[in-house]
Amino acid sequence: MADIRHQKLAQVLINYSLKIQPGDKLLVTGSDVATPLLREVYREALRAGAHEVKISVTLPGISEILLHEGNNEQLTYVSEYDKFLVEHFDAVLSVWSDQNTRSMGKIDPKRIAKRREAHSALFKRDLELMSSGAKRWCGTLFPTHAYAQDAGMSLSDYEDFVFGSGLLDQEDPIAAWRKVSAEQQRVADFLTQHDEIHIVAPSTDITYRVGGRNWINCAGTENFPDGEIFSCPIEDSVNGFVTFSYPAIYDGNEVENVRLTFRDGKVIESSADRGLDFLNSMLDTDAGARYLGEVAFGLNYNIKEFVKETLFDEKIGGTMHMALGASLPEGGGVNESGIHWDMVCDLREGKVFADGQLCYEQGKFIIE
């Protein structure tokens with residue numbers, strides 16, 4: 001018997017997040033462990049009238065083999081098939097379902113950076129299609145033992161955490177997310193009227209400017225679960241220092257106590273208690289990797305703890321996050337890079353000022 005939560009999640013993803021319409025072409029990616037959800041997504045997409053629903057099931061370990069054993073030409077090759085996938089589908093659903101979240105942990109970070117740099121143009125094209133509305137995309141997570149272990153939970157408890165953070169325990173999750181959207185839009189509208197944002201927190205004092213940029217309300221249409229607002233800072237406006245409260249995780253690598261100093265937008269100093277070599281390799285990926293592509297505030301107060309999974313951690317109510325690398329075009333940014341690495345800072349003991357006005361303290365916006 002199908003888990004009712006898988007059915008409800010599929011309904012939200014297809015009808016609310018991706019808004020599948022009759023005739024749409026949908027690509028769904030995930031591993032075999034996510035089969036219960038993939039099956040319900042396929043069923044719901046057909047009910048919505050999609051003409052083409054392709055399920056792409058990935059095998060564990062394939063990416064690691066390429067990164068371990070591929071030569072330079074293989075690492076940097078961009079296939080015509082990958083280009084076709086970017087252009088062909090009206091909508092893409094990525095179902096993250098890792099069975100080993102640290103599978104990339106022993107790979108030379110320079111090889112990871114090389115492959116990301118080679119695919120940066122394709123990554124940019126994908127972002128352009130999504131920001132223009134020509135393609136819809138959503139990423140979600142299927143609970144596995146690996147994610148549960150990272151979070152220090154049993155699989156059953158982790159499932160409750162995942163589905164609860166997505167409001168799937170409510171009678172009408174779509175209505176609940178529409179309410180979240182309205183509440184977050186009020187904050188986005190306030191920030192859009194301001195330019196300089198100044199954030200002060202333990203071991204953090206940083207400013208950036210966003211005048212003329214867009215604050216985007218994220219309420220379940222591109223990430224699920226969701227609960228954030230983001231923008232793209234003016235590229236040369238970031239100044240100060242920031243200490244990220246939680247480990248920064250990227251490609252299965254964990255970097256602890258990341259501290260970055262910015263001058264005129266660029267990271268000029270970096271340190272970490274563990275994983276510094278990986279951090280510096282990512283910062284040296286390309287010219288854009290030392291600049292911020294995104295600034296954001298986490299507003300999902302159903303997510304209260306760090307679970308070592310960015311999809312949830314960047315939305316923790318009472319936090320902010322910054323992403324090194326590629327801008328998200330809908331925010332108005334122009335920074336280009338092969339990476340986009342979100343790092344999270346707890347603001348529950350911090351303050352935020354917008355053009356000098358105190359607008360946030362104790363983890364919440366205090367605006368009329």
# chains A, B, ... in the order shown; residues from 1 in each chain; ligands from 1
>>> residues_around(residues="Ile367 (chain A)", least_positions_apart="2", cutoff="12 Å", atoms="only C-alpha atoms", output="short mmCIF file (atom, residue, chain, number, x, y, z; two decimals) with C-alpha atoms, in the first residue's frame")
data_model
loop_
_atom_site.label_atom_id
_atom_site.label_comp_id
_atom_site.auth_asym_id
_atom_site.auth_seq_id
_atom_site.Cartn_x
_atom_site.Cartn_y
_atom_site.Cartn_z
CA GLU A 183 3.54 35.92 4.73
CA GLN A 184 6.96 35.80 3.08
CA ARG A 186 5.43 40.89 3.01
CA VAL A 187 9.09 40.54 4.02
CA ALA A 188 10.29 40.47 0.41
CA ASP A 189 8.34 43.65 -0.35
CA PHE A 190 9.93 45.40 2.63
CA LEU A 191 13.49 44.44 1.66
CA VAL A 352 19.81 42.94 10.67
CA PHE A 353 19.62 46.58 9.58
CA ALA A 354 18.13 47.75 6.27
CA GLN A 357 16.83 50.61 10.25
CA LEU A 358 16.69 47.67 12.68
CA CYS A 359 14.36 45.20 10.95
CA TYR A 360 15.33 41.82 12.40
CA GLU A 361 16.32 40.47 15.80
CA LYS A 364 12.64 37.14 13.15
CA PHE A 365 11.79 40.19 11.06
#
>>> residues_around(residues="Ser327 (chain A)", least_positions_apart="6", cutoff="6 Å", atoms="only C-alpha atoms", output="list in words")
Gly293, Glu294, Gly333, Val334 and Asn335 of chain A
>>> atom_distance(atom1="CA of Ile339 (chain A)", atom2="CA of Arg116 (chain A)")
6.7 Å
>>> select_by_dssp(residues="region 227-329 of chain A", states="alpha helix (DSSP H)", output="ChimeraX atom specification")
/A:276-283,310-313
>>> write_last_selection(atoms="N, CA and C atoms", output="short mmCIF file (atom, residue, chain, number, x, y, z; two decimals), in the first residue's frame")
data_model
loop_
_atom_site.label_atom_id
_atom_site.label_comp_id
_atom_site.auth_asym_id
_atom_site.auth_seq_id
_atom_site.Cartn_x
_atom_site.Cartn_y
_atom_site.Cartn_z
N LEU A 276 39.83 22.92 5.07
CA LEU A 276 40.27 24.16 4.43
C LEU A 276 40.78 23.93 3.01
N ASP A 277 41.44 22.83 2.77
CA ASP A 277 41.95 22.56 1.41
C ASP A 277 40.80 22.47 0.42
N PHE A 278 39.72 21.80 0.82
CA PHE A 278 38.56 21.71 -0.07
C PHE A 278 37.93 23.08 -0.29
N LEU A 279 37.78 23.85 0.79
CA LEU A 279 37.21 25.19 0.68
C LEU A 279 38.01 26.03 -0.30
N ASN A 280 39.32 26.04 -0.17
CA ASN A 280 40.15 26.87 -1.04
C ASN A 280 40.13 26.38 -2.49
N SER A 281 40.03 25.06 -2.68
CA SER A 281 39.92 24.53 -4.05
C SER A 281 38.65 25.01 -4.71
N MET A 282 37.55 25.03 -3.97
CA MET A 282 36.29 25.52 -4.54
C MET A 282 36.36 27.03 -4.80
N LEU A 283 37.02 27.77 -3.91
CA LEU A 283 37.17 29.21 -4.13
C LEU A 283 38.00 29.51 -5.37
N THR A 310 21.51 20.67 2.93
CA THR A 310 21.28 22.07 2.60
C THR A 310 19.82 22.39 2.30
N LEU A 311 19.11 21.46 1.66
CA LEU A 311 17.70 21.70 1.34
C LEU A 311 16.92 22.17 2.56
N PHE A 312 17.23 21.61 3.72
CA PHE A 312 16.54 21.98 4.96
C PHE A 312 17.31 23.05 5.73
N ASP A 313 18.62 22.89 5.82
CA ASP A 313 19.40 23.76 6.70
C ASP A 313 19.34 25.22 6.29
#
>>> closest_residue(among="A:Leu155, A:Ala48, A:Ile206, A:Val255", to="Met322 (chain A)", atoms="only C-alpha atoms")
A:Ile206
>>> closest_residue(among="A:Asn217, A:Thr76, A:Ser103, A:Ser231", to="Pro60 (chain A)", atoms="only C-alpha atoms")
A:Ser103
>>> closest_atom_pairs(of="region 20-41 of chain A", to="region 129-153 of chain A", cutoff="9 Å", atoms="only C-alpha atoms", output="CSV")
residue,atom,partner,partner_atom,distance
A:Gly30,CA,A:Phe142,CA,8.9
A:Val33,CA,A:Thr144,CA,7.8
A:Ala34,CA,A:Phe142,CA,6.0
A:Leu37,CA,A:Phe142,CA,7.5
>>> write_last_selection(atoms="N, CA and C atoms", output="short mmCIF file (atom, residue, chain, number, x, y, z; two decimals), in the first residue's frame")
data_model
loop_
_atom_site.label_atom_id
_atom_site.label_comp_id
_atom_site.auth_asym_id
_atom_site.auth_seq_id
_atom_site.Cartn_x
_atom_site.Cartn_y
_atom_site.Cartn_z
N GLY A 30 16.11 10.48 -10.01
CA GLY A 30 16.24 9.98 -8.65
C GLY A 30 16.88 8.61 -8.66
N VAL A 33 16.10 3.81 -4.74
CA VAL A 33 15.55 3.79 -3.39
C VAL A 33 14.33 4.69 -3.27
N ALA A 34 14.21 5.68 -4.17
CA ALA A 34 13.08 6.62 -4.15
C ALA A 34 11.89 6.13 -4.97
N LEU A 37 8.16 7.15 -4.19
CA LEU A 37 7.77 8.51 -4.55
C LEU A 37 7.76 8.69 -6.06
#
>>> atom_distance(atom1="CA of Ser120 (chain A)", atom2="CA of Ser94 (chain A)")
18.8 Å
>>> select_by_dssp(residues="region 150-231 of chain A", states="strand (DSSP E)", output="list in words")
Glu196, Ile197, His198, Ile199, Val200, Ala201, Thr204, Asp205, Ile206, Thr207, Tyr208, Arg209, Ile216, Asn217, Cys218, Asn223, Phe224, Glu228, Ile229, Phe230 and Ser231 of chain A
>>> write_last_selection(atoms="N, CA and C atoms", output="compact mmCIF listing (two decimals), in the first residue's frame")
# COMPACT_ATOMS: atom_id res chain seq x y z
N GLU A 196 21.09 48.94 1.38
CA GLU A 196 22.17 48.35 2.16
C GLU A 196 21.62 47.46 3.27
N ILE A 197 22.09 46.23 3.30
CA ILE A 197 21.75 45.29 4.36
C ILE A 197 23.00 45.07 5.21
N HIS A 198 22.85 45.24 6.51
CA HIS A 198 23.97 45.10 7.46
C HIS A 198 23.59 44.02 8.47
N ILE A 199 24.40 42.99 8.54
CA ILE A 199 24.13 41.85 9.42
C ILE A 199 25.20 41.78 10.50
N VAL A 200 24.75 41.74 11.76
CA VAL A 200 25.65 41.64 12.90
C VAL A 200 25.23 40.44 13.73
N ALA A 201 26.17 39.53 13.98
CA ALA A 201 25.93 38.32 14.77
C ALA A 201 27.26 37.91 15.38
N THR A 204 30.44 37.85 13.28
CA THR A 204 29.95 38.24 11.95
C THR A 204 29.59 39.72 11.94
N ASP A 205 30.10 40.43 10.96
CA ASP A 205 29.74 41.84 10.75
C ASP A 205 29.95 42.10 9.27
N ILE A 206 28.86 42.08 8.50
CA ILE A 206 28.98 42.12 7.05
C ILE A 206 27.87 42.97 6.45
N THR A 207 28.22 43.69 5.41
CA THR A 207 27.23 44.50 4.69
C THR A 207 27.27 44.15 3.21
N TYR A 208 26.11 44.33 2.57
CA TYR A 208 26.02 44.20 1.11
C TYR A 208 24.89 45.09 0.63
N ARG A 209 24.90 45.37 -0.66
CA ARG A 209 23.86 46.23 -1.25
C ARG A 209 23.04 45.42 -2.25
N ILE A 216 13.32 37.39 -3.96
CA ILE A 216 12.45 36.34 -4.48
C ILE A 216 11.84 35.55 -3.32
N ASN A 217 10.55 35.39 -3.38
CA ASN A 217 9.78 34.66 -2.37
C ASN A 217 9.76 33.17 -2.74
N CYS A 218 10.39 32.35 -1.92
CA CYS A 218 10.49 30.90 -2.20
C CYS A 218 9.55 30.15 -1.26
N ASN A 223 12.16 24.64 -4.57
CA ASN A 223 12.64 23.67 -3.57
C ASN A 223 11.41 23.19 -2.81
N PHE A 224 11.44 21.92 -2.43
CA PHE A 224 10.38 21.45 -1.54
C PHE A 224 10.97 20.47 -0.54
N GLU A 228 12.10 30.50 2.33
CA GLU A 228 13.18 31.50 2.35
C GLU A 228 12.84 32.62 1.40
N ILE A 229 13.54 33.72 1.54
CA ILE A 229 13.55 34.77 0.53
C ILE A 229 15.01 35.03 0.19
N PHE A 230 15.29 35.26 -1.09
CA PHE A 230 16.69 35.47 -1.49
C PHE A 230 16.80 36.59 -2.50
N SER A 231 18.00 37.11 -2.61
CA SER A 231 18.34 38.09 -3.63
C SER A 231 19.78 37.85 -4.05
